[in-house]
$ cat work.tsv   # TSV, C-alpha atoms and all ligand atoms
chain	number	residue	atom	x	y	z
A	544	MET	CA	72.74	93.45	101.76
A	545	THR	CA	75.58	93.75	99.25
A	546	GLU	CA	78.64	95.86	99.98
A	547	VAL	CA	77.67	98.21	97.13
A	548	ALA	CA	74.21	98.84	98.56
A	549	GLU	CA	75.65	99.36	102.03
A	550	SER	CA	77.96	102.14	100.89
A	551	ARG	CA	75.48	104.20	98.90
A	552	ASP	CA	75.83	107.10	101.30
A	553	LEU	CA	79.13	107.80	99.51
A	554	LYS	CA	79.17	109.34	96.07
A	555	LEU	CA	81.85	108.61	93.47
A	556	THR	CA	81.61	111.49	91.01
A	557	HIS	CA	82.83	111.31	87.43
A	558	GLU	CA	85.75	113.52	88.44
A	559	ASP	CA	86.64	111.21	91.37
A	560	PHE	CA	86.57	108.18	89.09
A	561	GLU	CA	88.80	109.87	86.53
A	562	ARG	CA	91.23	110.69	89.32
A	563	VAL	CA	91.25	107.06	90.47
A	564	ARG	CA	91.96	106.00	86.89
A	565	ARG	CA	94.84	108.45	86.60
A	566	LEU	CA	96.38	107.51	89.95
A	567	ILE	CA	96.29	103.73	89.44
A	568	HIS	CA	97.67	104.17	85.94
A	569	GLU	CA	100.56	106.29	87.17
A	570	ARG	CA	101.35	103.98	90.09
A	571	ALA	CA	100.75	100.48	88.71
A	572	GLY	CA	100.35	100.91	84.95
A	573	ILE	CA	96.80	99.59	85.18
A	574	ALA	CA	94.51	101.09	82.53
A	575	LEU	CA	91.14	100.87	84.31
A	576	ALA	CA	88.26	100.53	81.88
A	577	LEU	CA	85.30	102.91	82.14
A	578	HIS	CA	82.95	100.05	82.99
A	579	LYS	CA	84.95	99.40	86.19
A	580	LYS	CA	83.30	102.29	88.04
A	581	GLU	CA	81.09	100.00	90.12
A	582	MET	CA	84.08	97.84	91.09
A	583	VAL	CA	86.11	100.91	92.05
A	584	TYR	CA	83.19	102.18	94.08
A	585	SER	CA	82.71	99.05	96.14
A	586	ARG	CA	86.40	98.34	96.75
A	587	LEU	CA	87.39	101.88	97.70
A	588	ALA	CA	84.26	102.57	99.75
A	589	ARG	CA	85.58	99.93	102.13
A	590	ARG	CA	88.82	101.89	102.57
A	591	LEU	CA	86.93	105.15	103.12
A	592	ARG	CA	84.87	103.51	105.84
A	593	THR	CA	87.97	102.11	107.54
A	594	LEU	CA	89.54	105.56	107.51
A	595	GLY	CA	86.35	107.28	108.61
A	596	LEU	CA	86.16	109.45	105.48
A	597	ASN	CA	82.86	110.39	103.88
A	598	GLN	CA	84.09	111.77	100.56
A	599	PHE	CA	86.10	110.13	97.81
A	600	ARG	CA	87.69	113.49	97.15
A	601	ALA	CA	89.19	113.57	100.64
A	602	TYR	CA	90.52	110.06	100.13
A	603	LEU	CA	92.07	110.92	96.76
A	604	ASP	CA	93.62	114.09	98.21
A	605	LEU	CA	95.31	111.87	100.74
A	606	LEU	CA	97.03	109.98	97.90
A	607	ASP	CA	97.52	112.70	95.32
A	608	GLY	CA	100.66	114.61	96.06
A	609	HIS	CA	101.72	112.18	98.83
A	610	PRO	CA	103.69	109.51	96.95
A	611	ASP	CA	105.03	108.02	100.19
A	612	SER	CA	101.71	107.67	101.98
A	613	THR	CA	101.17	104.17	103.37
A	614	GLU	CA	97.64	104.36	101.96
A	615	TRP	CA	99.05	103.70	98.49
A	616	GLU	CA	99.54	100.06	99.39
A	617	HIS	CA	95.84	99.69	100.28
A	618	PHE	CA	94.78	101.64	97.21
A	619	VAL	CA	96.79	99.39	94.87
A	620	ASN	CA	95.79	96.19	96.68
A	621	ALA	CA	92.13	97.22	96.40
A	622	LEU	CA	92.26	97.79	92.65
A	623	THR	CA	94.23	94.78	91.44
A	624	THR	CA	92.49	91.75	89.96
A	625	ASN	CA	93.97	88.58	91.41
A	626	LEU	CA	92.10	85.90	89.49
A	627	THR	CA	94.26	82.78	89.16
A	628	SER	CA	94.23	79.02	89.71
A	629	PHE	CA	96.54	76.00	89.94
A	630	PHE	CA	97.85	74.91	86.53
A	631	ARG	CA	95.90	77.65	84.77
A	632	GLU	CA	96.52	77.44	81.02
A	633	ALA	CA	97.79	73.94	81.56
A	634	HIS	CA	99.54	73.52	78.20
A	635	HIS	CA	102.44	75.69	79.43
A	636	PHE	CA	103.58	73.30	82.15
A	637	PRO	CA	104.70	70.33	79.97
A	638	ILE	CA	106.59	72.87	77.79
A	639	LEU	CA	108.39	74.18	80.86
A	640	ALA	CA	109.10	70.61	82.05
A	641	ASP	CA	110.69	69.64	78.70
A	642	HIS	CA	112.66	72.86	78.64
A	643	VAL	CA	114.18	72.50	82.11
A	644	ARG	CA	114.98	68.80	81.57
A	645	ALA	CA	117.12	69.82	78.61
A	646	GLN	CA	119.17	72.35	80.63
A	647	SER	CA	122.32	71.85	82.61
A	648	GLY	CA	123.00	73.99	85.66
A	649	ASN	CA	120.62	75.35	88.23
A	650	ILE	CA	117.18	76.30	87.03
A	651	LYS	CA	115.78	79.74	87.77
A	652	VAL	CA	112.27	80.92	86.93
A	653	TRP	CA	110.60	84.30	87.47
A	654	CYS	CA	106.87	84.48	87.96
A	655	CYS	CA	106.20	88.22	87.75
A	656	ALA	CA	102.46	88.36	88.53
A	657	ALA	CA	102.28	85.67	91.18
A	658	SER	CA	99.00	86.85	92.70
A	659	THR	CA	97.89	84.49	95.51
A	660	GLY	CA	100.50	81.85	94.68
A	661	GLU	CA	98.73	79.20	92.65
A	662	GLU	CA	100.96	79.87	89.64
A	663	PRO	CA	104.36	79.78	91.39
A	664	TRP	CA	103.33	76.66	93.33
A	665	SER	CA	102.31	75.03	90.04
A	666	LEU	CA	105.74	75.94	88.69
A	667	ALA	CA	107.42	74.42	91.75
A	668	MET	CA	105.43	71.18	91.33
A	669	THR	CA	106.36	71.06	87.64
A	670	LEU	CA	110.07	71.54	88.36
A	671	THR	CA	109.99	68.88	91.09
A	672	GLU	CA	108.31	66.37	88.78
A	673	ALA	CA	110.65	67.20	85.89
A	674	LEU	CA	113.95	67.42	87.76
A	675	GLY	CA	113.65	64.99	90.67
A	676	SER	CA	116.32	65.63	93.30
A	677	LYS	CA	117.89	68.36	91.12
A	678	ALA	CA	114.80	70.46	91.87
A	679	GLN	CA	116.26	71.21	95.29
A	680	SER	CA	118.67	73.65	93.66
A	681	ALA	CA	115.99	75.19	91.41
A	682	ARG	CA	114.68	78.64	92.38
A	683	ILE	CA	111.42	80.38	91.61
A	684	VAL	CA	111.27	84.10	92.23
A	685	ALA	CA	107.62	85.04	92.59
A	686	THR	CA	106.68	88.72	92.60
A	687	ASP	CA	103.56	90.86	92.49
A	688	ILE	CA	102.63	94.44	93.30
A	689	ASP	CA	99.83	93.37	95.65
A	690	THR	CA	101.14	92.79	99.19
A	691	LYS	CA	97.92	91.17	100.40
A	692	ALA	CA	97.93	88.63	97.58
A	693	LEU	CA	101.61	87.92	98.27
A	694	ALA	CA	100.89	87.24	101.95
A	695	THR	CA	98.32	84.62	100.93
A	696	ALA	CA	100.81	83.19	98.44
A	697	ALA	CA	103.60	82.92	100.98
A	698	ALA	CA	101.31	81.29	103.57
A	699	GLY	CA	100.56	78.58	100.98
A	700	ILE	CA	97.26	77.56	102.58
A	701	TYR	CA	94.28	76.90	100.29
A	702	PRO	CA	90.75	75.58	100.61
A	703	ILE	CA	90.64	71.88	99.70
A	704	ALA	CA	88.26	72.66	96.83
A	705	GLN	CA	91.00	74.66	95.14
A	706	ILE	CA	93.47	71.78	94.98
A	707	GLU	CA	90.89	69.25	93.84
A	708	LYS	CA	91.83	69.61	90.19
A	709	LEU	CA	95.35	68.39	90.95
A	710	SER	CA	96.02	64.68	90.56
A	711	MET	CA	95.74	62.49	93.65
A	712	GLU	CA	99.49	61.98	93.49
A	713	GLN	CA	100.20	65.73	93.41
A	714	ARG	CA	97.85	66.36	96.32
A	715	LYS	CA	99.59	63.70	98.39
A	716	ARG	CA	103.09	64.66	97.40
A	717	PHE	CA	102.87	68.43	97.60
A	718	PHE	CA	100.19	69.26	100.19
A	719	MET	CA	99.47	68.54	103.83
A	720	ARG	CA	95.80	68.33	104.70
A	721	GLY	CA	94.71	70.24	107.77
A	722	VAL	CA	93.10	68.36	110.63
A	723	GLY	CA	90.49	69.34	113.23
A	724	SER	CA	89.46	72.96	112.78
A	725	ARG	CA	91.74	73.15	109.73
A	726	SER	CA	90.20	70.16	107.95
A	727	GLY	CA	88.89	72.34	105.11
A	728	VAL	CA	92.32	73.54	104.03
A	729	ALA	CA	95.63	72.20	102.77
A	730	ARG	CA	99.10	73.68	103.02
A	731	VAL	CA	101.97	73.32	100.54
A	732	ASN	CA	104.73	71.15	101.94
A	733	PRO	CA	108.10	72.54	103.11
A	734	ALA	CA	110.06	71.09	100.15
A	735	LEU	CA	107.92	73.11	97.77
A	736	SER	CA	108.08	76.25	99.96
A	737	ALA	CA	111.86	76.04	99.97
A	738	MET	CA	111.94	76.51	96.20
A	739	VAL	CA	109.87	79.69	96.03
A	740	GLU	CA	110.90	83.15	97.19
A	741	TYR	CA	108.17	85.80	97.35
A	742	GLN	CA	108.79	89.52	97.13
A	743	GLN	CA	106.93	92.64	96.15
A	744	LEU	CA	107.76	94.08	92.76
A	745	ASN	CA	105.96	96.71	90.72
A	746	LEU	CA	106.73	96.11	87.05
A	747	LEU	CA	106.53	99.85	86.50
A	748	GLU	CA	109.43	100.59	88.84
A	749	ALA	CA	112.63	101.83	87.27
A	750	ARG	CA	114.65	99.17	89.13
A	751	TRP	CA	113.60	95.55	89.42
A	752	ASN	CA	115.01	93.80	92.44
A	753	VAL	CA	115.42	90.42	90.74
A	754	GLU	CA	118.55	88.79	89.54
A	755	GLY	CA	118.65	86.86	86.28
A	756	PRO	CA	119.42	85.20	84.08
A	757	PHE	CA	116.25	83.13	84.08
A	758	ASP	CA	115.44	79.94	82.23
A	759	ALA	CA	111.86	81.12	82.00
A	760	ILE	CA	109.74	84.15	82.80
A	761	PHE	CA	106.05	83.69	83.41
A	762	CYS	CA	104.20	86.91	82.67
A	763	ARG	CA	100.64	85.74	82.30
A	764	ASN	CA	97.39	87.66	82.47
A	765	ILE	CA	98.89	90.92	83.60
A	766	MET	CA	99.89	92.68	80.38
A	767	ILE	CA	96.17	92.96	79.47
A	768	TYR	CA	95.85	95.55	82.24
A	769	PHE	CA	98.62	97.73	80.77
A	770	ASP	CA	98.57	100.01	77.75
A	771	LYS	CA	100.71	99.13	74.72
A	772	PRO	CA	103.71	101.44	75.41
A	773	THR	CA	103.94	99.99	78.96
A	774	GLN	CA	103.74	96.43	77.61
A	775	LYS	CA	106.50	97.16	75.11
A	776	ARG	CA	108.78	98.72	77.73
A	777	ILE	CA	108.35	95.77	80.10
A	778	LEU	CA	108.97	93.19	77.36
A	779	GLU	CA	112.18	94.91	76.35
A	780	ARG	CA	113.37	94.81	79.96
A	781	PHE	CA	112.63	91.08	80.17
A	782	ALA	CA	114.89	90.23	77.23
A	783	PRO	CA	118.28	90.78	78.94
A	784	LEU	CA	117.06	88.88	82.01
A	785	LEU	CA	116.55	85.63	80.06
A	786	LYS	CA	119.21	83.02	79.28
A	787	PRO	CA	119.90	82.90	75.51
A	788	ASN	CA	117.51	79.96	75.06
A	789	GLY	CA	115.09	81.10	77.79
A	790	LEU	CA	111.32	81.14	77.39
A	791	LEU	CA	108.71	83.81	78.02
A	792	PHE	CA	105.20	82.57	78.78
A	793	ALA	CA	102.22	84.86	78.09
A	794	GLY	CA	98.54	84.65	78.99
A	795	HIS	CA	95.92	83.28	76.61
A	796	SER	CA	94.76	86.68	75.34
A	797	GLU	CA	98.16	88.34	75.23
A	798	ASN	CA	100.07	88.66	71.98
A	799	PHE	CA	103.57	90.10	72.15
A	800	THR	CA	104.53	89.57	68.51
A	801	TYR	CA	103.65	93.04	67.24
A	802	LEU	CA	104.94	94.94	70.26
A	803	THR	CA	108.64	94.30	70.01
A	804	ASP	CA	111.26	92.57	67.89
A	805	ALA	CA	112.98	91.23	70.99
A	806	PHE	CA	110.86	88.05	71.10
A	807	ARG	CA	109.63	85.55	68.53
A	808	LEU	CA	106.68	83.24	68.94
A	809	GLN	CA	107.87	79.73	69.56
A	810	GLY	CA	104.69	77.88	70.48
A	811	HIS	CA	101.18	78.61	71.67
A	812	THR	CA	101.68	81.85	73.73
A	813	VAL	CA	105.33	80.91	74.38
A	814	TYR	CA	108.14	83.15	73.16
A	815	GLY	CA	111.91	82.83	72.73
A	816	LEU	CA	114.46	85.61	72.29
A	817	SER	CA	114.82	86.82	68.72
A	818	SER	CA	118.59	86.87	69.21
A	819	GLY	CA	118.60	83.43	70.88
A	820	PRO	CA	119.51	80.03	69.38
A	821	GLY	CA	117.44	79.13	66.35
A	822	SER	CA	116.81	82.74	65.34
A	823	ARG	CA	117.50	83.69	61.77
A	824	SER	CA	119.16	87.04	62.43
B	1	LIG	C1	94.91	88.31	86.93
B	1	LIG	S1	96.29	88.17	87.99
B	1	LIG	C2	97.26	86.96	87.10
B	1	LIG	C3	97.82	85.90	88.02
B	1	LIG	C4	98.62	84.79	87.33
B	1	LIG	N1	99.77	85.32	86.61
B	1	LIG	C5	97.76	83.97	86.40
B	1	LIG	O1	97.89	84.10	85.17
B	1	LIG	O2	96.94	83.20	86.89
B	1	LIG	C6	97.17	89.70	87.69
B	1	LIG	C7	98.18	90.05	88.77
B	1	LIG	O3	98.99	91.13	88.32
B	1	LIG	C8	99.31	91.94	89.44
B	1	LIG	N2	99.73	93.30	89.02
B	1	LIG	C9	98.96	94.33	88.57
B	1	LIG	N3	99.72	95.40	88.30
B	1	LIG	C10	101.00	95.06	88.56
B	1	LIG	C11	102.25	95.74	88.47
B	1	LIG	N4	102.34	97.01	88.06
B	1	LIG	N5	103.37	95.08	88.83
B	1	LIG	C12	103.31	93.80	89.25
B	1	LIG	N6	102.17	93.10	89.37
B	1	LIG	C13	101.01	93.72	89.03
B	1	LIG	C14	98.02	91.93	90.27
B	1	LIG	O4	98.26	92.28	91.61
B	1	LIG	C15	97.54	90.49	90.08
B	1	LIG	O5	97.94	89.66	91.13

$ encode --input "work.tsv" --output "structure tokens" --more "lines below"
Ligand SMILES: C[S@@+](CC[C@H](N)C(=O)[O-])C[C@H]1O[C@@H](n2cnc3c(N)ncnc32)[C@H](O)[C@@H]1O
Amino acid sequence: MTEVAESRDLKLTHEDFERVRRLIHERAGIALALHKKEMVYSRLARRLRTLGLNQFRAYLDLLDGHPDSTEWEHFVNALTTNLTSFFREAHHFPILADHVRAQSGNIKVWCCAASTGEEPWSLAMTLTEALGSKAQSARIVATDIDTKALATAAAGIYPIAQIEKLSMEQRKRFFMRGVGSRSGVARVNPALSAMVEYQQLNLLEARWNVEGPFDAIFCRNIMIYFDKPTQKRILERFAPLLKPNGLLFAGHSENFTYLTDAFRLQGHTVYGLSSGPGSRS
């Protein structure tokens, strides 16, 4: 039986769903589409069961008006979409490699929607391959709102099938294969782990607990969940966190050109600062 069918004793009314949409928008900036009702139903029904509640309204009352409730963490974790993979949108990684090779000084990258870690680990592999021993002083700050995804990311353990698209050399160099009962999984090696620091960060928060300036910011496949004013606000806060020639990487369906003058398109879904080197102003 599917989880949806199992939970049919609960009813998510139109009013409940609208409340969910308002709450997740206020808390995480996520603009939940109307066709997501089924997803909301199945993911939150699980929380209601765990808490022994039999009405969505009671659950939403628990959140509404209680901004410090620990249930918020579960609510947000349940409604985020964590889809990702190693070297997703692969054309970005050679661009980053060329960029960091051309820099002097320690490299610092921010991955602001790190999800379950495949993206920051791909960044760490890229920096190691590009910088050799200099990569030891490179830092990747990897953040996400979803604490459960971050725990998976920090553990750095993945099913073998997930790392199969990496080259044989990368698998050998950057992963340790489990043995015995762990033979189906691989773990990132300590040298890679040492480069990445994971922490929770909600991009909607007034204060971001990250310290720039960064050589690159990866903000991929997250802006699509936000409305335009939120996207604009976030982009304008990225600008002062980048080094003058720093790069901002966007997801394949995200176009920042018309949102703000702070960035100019520099390559396929890669942006530089409008006020940075090479700009005409
Ligand atoms: C689809 S994943 C993208 C993962 C990765 N960047 C990639 O492109 O493969 C979107 C991520 O954004 C995170 N997210 C959603 N709202 C957020 C917010 N307000 N602040 C920070 N992260 C958020 C989700 O938890 C999720 O892990």

$ closest_atom_pairs --input "work.tsv" --of "chain A" --to "ligand LIG 1 (chain B)" --cutoff "7 Å" --atoms "only C-alpha atoms and all ligand atoms" --output "CSV"
residue,atom,partner,partner_atom,distance
A:Ala571,CA,B:LIG1,N4,3.9
A:Gly572,CA,B:LIG1,N4,5.4
A:Ile573,CA,B:LIG1,N3,6.0
A:Asn620,CA,B:LIG1,O4,6.9
A:Thr623,CA,B:LIG1,O4,4.7
A:Thr624,CA,B:LIG1,C1,5.2
A:Asn625,CA,B:LIG1,O5,4.1
A:Leu626,CA,B:LIG1,C1,4.5
A:Thr627,CA,B:LIG1,O2,3.5
A:Ser628,CA,B:LIG1,O2,5.7
A:Arg631,CA,B:LIG1,O2,6.0
A:Cys655,CA,B:LIG1,C12,6.5
A:Ala656,CA,B:LIG1,O3,4.4
A:Ala657,CA,B:LIG1,N1,5.2
A:Ser658,CA,B:LIG1,O5,3.4
A:Thr659,CA,B:LIG1,O5,6.8
A:Glu662,CA,B:LIG1,O2,5.9
A:Thr686,CA,B:LIG1,C12,7.0
A:Asp687,CA,B:LIG1,N6,4.1
A:Ile688,CA,B:LIG1,C12,4.2
A:Asp689,CA,B:LIG1,O4,4.5
A:Ala692,CA,B:LIG1,O5,6.5
A:Leu744,CA,B:LIG1,C12,5.7
A:Asn745,CA,B:LIG1,N5,3.6
A:Leu746,CA,B:LIG1,N5,3.9
A:Leu747,CA,B:LIG1,N4,5.3
A:Cys762,CA,B:LIG1,N1,6.1
A:Arg763,CA,B:LIG1,O1,4.3
A:Asn764,CA,B:LIG1,O1,4.5
A:Ile765,CA,B:LIG1,C6,4.6
A:Gly794,CA,B:LIG1,O1,6.2

$ residues_near_point --input "work.tsv" --point "(86.0, 102.7, 94.5)" --cutoff "12 Å" --atoms "all atoms listed in the file" --output "ChimeraX atom specification"
/A:546-547,550-551,553-557,559-564,567,575,579-592,598-600,602-603,617-623

$ closest_residue --input "work.tsv" --among "A:Ala805, A:Ile760, A:Val684, A:Met719" --to "His635 in chain A" --atoms "all atoms listed in the file"
A:Ile760

$ atom_distance --input "work.tsv" --atom1 "CA of Phe629 in chain A" --atom2 "CA of Arg682 in chain A"
18.5 Å

$ residues_around --input "work.tsv" --residues "Ala737 in chain A" --least-positions-apart "6" --cutoff "10 Å" --atoms "all atoms listed in the file" --output "list in words"
Ala667, Gln679, Ser680, Ala681, Arg682 and Ile683 of chain A

$ write_last_selection --input "work.tsv" --atoms "C-alpha atoms" --output "PDB file, in the coordinates of the input"
ATOM      1  CA  ALA A 667     107.420  74.420  91.750  1.00  0.00           C
ATOM      2  CA  GLN A 679     116.260  71.210  95.290  1.00  0.00           C
ATOM      3  CA  SER A 680     118.670  73.650  93.660  1.00  0.00           C
ATOM      4  CA  ALA A 681     115.990  75.190  91.410  1.00  0.00           C
ATOM      5  CA  ARG A 682     114.680  78.640  92.380  1.00  0.00           C
ATOM      6  CA  ILE A 683     111.420  80.380  91.610  1.00  0.00           C
TER       7      ILE A 683
END

$ residues_around --input "work.tsv" --residues "Asn732 in chain A" --least-positions-apart "2" --cutoff "7 Å" --atoms "only C-alpha atoms" --output "PyMOL selection string"
chain A and resi 717-719+730+734-736

$ atom_distance --input "work.tsv" --atom1 "CA of Glu748 in chain A" --atom2 "CA of Gln774 in chain A"
13.3 Å

$ atom_distance --input "work.tsv" --atom1 "CA of Ser665 in chain A" --atom2 "CA of Phe630 in chain A"
5.7 Å

$ closest_residue --input "work.tsv" --among "A:His642, A:Ser647, A:Val753, A:Asn597" --to "Gly815 in chain A" --atoms "only C-alpha atoms"
A:His642

$ residues_around --input "work.tsv" --residues "range 784-793 of chain A" --least-positions-apart "4" --cutoff "8 Å" --atoms "all atoms listed in the file" --output "list in words"
His635, Glu754, Gly755, Pro756, Phe757, Asp758, Ala759, Ile760, Phe761, Cys762, Arg763, Asn764, Arg780, Glu797, Asn798, Thr812, Val813, Tyr814, Gly815, Leu816, Ser818, Gly819 and Pro820 of chain A

$ axis_aligned_box --input "work.tsv" --around "range 644-657 of chain A" --padding-each-side "6 Å" --output "lines of an AutoDock Vina configuration file"
center_x = 112.6
center_y = 78.6
center_z = 84.9
size_x = 32.7
size_y = 31.6
size_z = 24.6

$ residues_around --input "work.tsv" --residues "Arg644 in chain A" --least-positions-apart "2" --cutoff "12 Å" --atoms "only C-alpha atoms" --output "PyMOL selection string"
chain A and resi 637-642+646-650+669-675+677-678+681+758

$ closest_residue --input "work.tsv" --among "A:Val739, A:Met766, A:Leu594, A:Ile706" --to "Ala685 in chain A" --atoms "all atoms listed in the file"
A:Val739
